[in-house]
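Asks: Would you mind keeping the following structure in view while I ask a few things?
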Amino acid sequence: MATGAFQIRGLHVWPGYLDRPAQESLVADLRKVAEAAPFVTPVTPGGRQMSVRMTAAGRLGWVTDRRGYRYQPQHPSGAAWPPIPPAVLAIWRNLTGLSRDPDCCLVNFYDSGARMGLHQDRDEGDFSFPVLSVSLGDDALFRIGGADRSEGTQSFWLRSGDVVLMGGSARLAWHGVDRIRPASSTLLPQGGRINLTCRVVTAV
Ligand SMILES: O=C(O)CCC(=O)C(=O)O
Ligand SMILES: [Fe+2]
């Protein structure tokens, strides 16, 4: 494990895995992703607007609307998703050791009031692959529980450049983001937080 890496509830956390230049370079990559596939405000199947804005890169992107949660090969505009930036694939390969690349890099943008309720990531077809998460910009209070919703939860702060791997027993752990600490980072000129999650969606 790299210096400073720790585990919490089966989650592997690498604080400050990306230095500032690497974070800036990733933000530039993500601006290009967002030009090709603009952020949308997702709507849950129940008709509620999410506070997070989303886009994606890769073969498949995760979307939600009145028709349900799903992965699909196109942005809601009908255009194909842009490719996953090579720098993101490099993090995935280094930390997972897998030769299989992710199908989806979901990009979440949190403004100062955004949050994400407790959920499991379970729209993928194969839970033997981990989910890798990268934090950029403002700090986020991340909450993690167990695979069973009744288990207690714990929270800790994720900062810009931190990388988390949810695999093994933590792959189906309940998790969410309670809140953002506004203006805690200078990475994004307009403030806010970007979170990337890389997922293998299909078994083959
Ligand atoms: O923003 C985060 O740190 C977590 C995002 C998340 O859980 C998700 O996109 O499924
Ligand atoms: Fe999640």
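Residues are named by chain letter and number: chains run A, B, ... in the order of the structure tokens, numbers start at 1 in each chain, and ligands are numbered from 1 in the order shown.
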Could you pull out the residues sitting within 12 Å of ligand 2, using only C-alpha atoms and all ligand atoms, and write them as a PyMOL selection string?
Replies: chain A and resi 62+106-108+115-124+130-134+142-145+164-166+170-177+195-199
Asks: Could you tell me, as a list in words, which residues of segment 61-174 of chain A DSSP assigns to alpha helix (DSSP H) when given the backbone?
Replies: Pro86, Ala87, Val88, Leu89, Ala90, Ile91, Trp92, Arg93, Asn94, Leu95 and Thr96 of chain A
Asks: Fewer than 3 positions away in the same chain doesn't count, so skip those; otherwise give me all residues within 9 Å of segment 49-60 of chain A, counting only C-alpha atoms, as a short mmCIF file (atom, residue, chain, number, x, y, z; two decimals) with C-alpha atoms, in the first residue's frame.
Replies:
data_model
loop_
_atom_site.label_atom_id
_atom_site.label_comp_id
_atom_site.auth_asym_id
_atom_site.auth_seq_id
_atom_site.Cartn_x
_atom_site.Cartn_y
_atom_site.Cartn_z
CA VAL A 33 -15.64 14.94 -21.96
CA ALA A 34 -18.28 17.48 -20.91
CA ALA A 37 -21.32 14.83 -23.53
CA PRO A 38 -22.81 17.77 -21.58
CA PHE A 39 -23.80 17.36 -17.94
CA VAL A 40 -27.49 16.64 -17.40
CA THR A 41 -29.64 16.86 -14.28
CA PRO A 42 -30.82 13.28 -13.84
CA VAL A 43 -34.37 12.46 -12.79
CA THR A 44 -35.09 9.39 -10.68
CA VAL A 63 -28.43 7.27 -16.86
CA TYR A 71 -26.54 1.76 -18.64
CA GLN A 72 -26.87 2.80 -22.25
CA PRO A 73 -24.45 3.38 -25.15
CA GLN A 74 -25.60 6.96 -25.81
CA HIS A 75 -25.85 10.25 -24.01
CA ALA A 80 -22.10 8.15 -28.31
CA TRP A 81 -20.23 8.80 -25.04
CA PRO A 82 -16.65 10.06 -25.47
CA PRO A 83 -13.81 7.67 -24.62
CA ILE A 84 -12.54 7.33 -21.05
CA PRO A 85 -9.48 9.61 -20.68
CA PRO A 102 -13.99 -0.32 -17.21
CA ASP A 103 -16.97 0.11 -19.54
CA CYS A 104 -18.13 3.29 -17.87
CA CYS A 105 -16.57 6.30 -16.21
CA LEU A 106 -19.49 8.10 -14.60
CA VAL A 107 -18.80 11.79 -13.94
CA ASN A 108 -20.73 13.45 -11.11
CA PHE A 109 -20.66 17.17 -10.46
CA TYR A 110 -21.66 18.43 -7.02
CA ASP A 111 -22.32 22.13 -6.52
CA GLY A 113 -25.70 22.14 -2.11
CA ALA A 114 -25.53 18.76 -3.84
CA ARG A 115 -25.52 15.41 -2.10
CA MET A 116 -26.09 11.78 -2.93
CA LEU A 196 -15.48 9.89 -11.21
CA VAL A 201 -20.77 -3.17 -16.51
#
Asks: Excluding Gly161 of chain A and any residue of its chain fewer than 2 positions from it, enumerate the residues within 9 Å of it, using only C-alpha atoms, and give them as a list in words.
Replies: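 Contacts, in chain order: Trp14, Pro15, Gly16, Tyr17, Leu18, Asp19, Arg20, Ala22, Gln23, Val134, Ser135, Leu136, Gly137, Leu158, Arg159 and Val163 of chain A.
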Asks: Run DSSP on the backbone and tell me which residues of segment 43-111 of chain A come out as strand (DSSP E or B); list them as a PyMOL selection string.
Replies: chain A and resi 43+49+53-58+61-65+68-72+74+80+104-110
Asks: Show which residues sit within 9 Å of Gly46 of chain A, as number ranges by chain. Count only C-alpha atoms, and ignore same-chain residues fewer than 3 positions away.
Replies: A: 43, 65-66, 68
Asks: Which residue, A:Gly4, A:Pro189, A:Leu11, A:Pro76, has the smallest gap to Ser155 of chain A when you use only C-alpha atoms?
Replies: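 The shortest atom-to-atom distance to Ser155 of chain A comes from A:Leu11.
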Asks: Report, in Å with one decimal, the straight-line distance from atom CA of Asp148 of chain A to atom CA of Gly168 of chain A.
Replies: 14.3 Å
Asks: Could you tell me how far atom 4 (C, counted along the ligand's line) of ligand 1 sits from atom CA of Ala87 of chain A, in Å to one decimal place?
Replies: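 These atoms are spaced 19.3 Å apart.
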Asks: Which one of A:Leu30, A:Leu188, A:Ala5, A:Ile180 sits closest to ligand 1 if you count only C-alpha atoms and all ligand atoms?
Replies: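 For ligand 1, the nearest of the candidates is A:Ile180.
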Asks: Using only C-alpha atoms, find the one residue out of A:Phe127, A:Asp178, A:Ser184, A:Ser169 that sits nearest to Gln154 of chain A.
Replies: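 Residue with the minimum atom-to-atom distance to Gln154 of chain A: A:Asp178.
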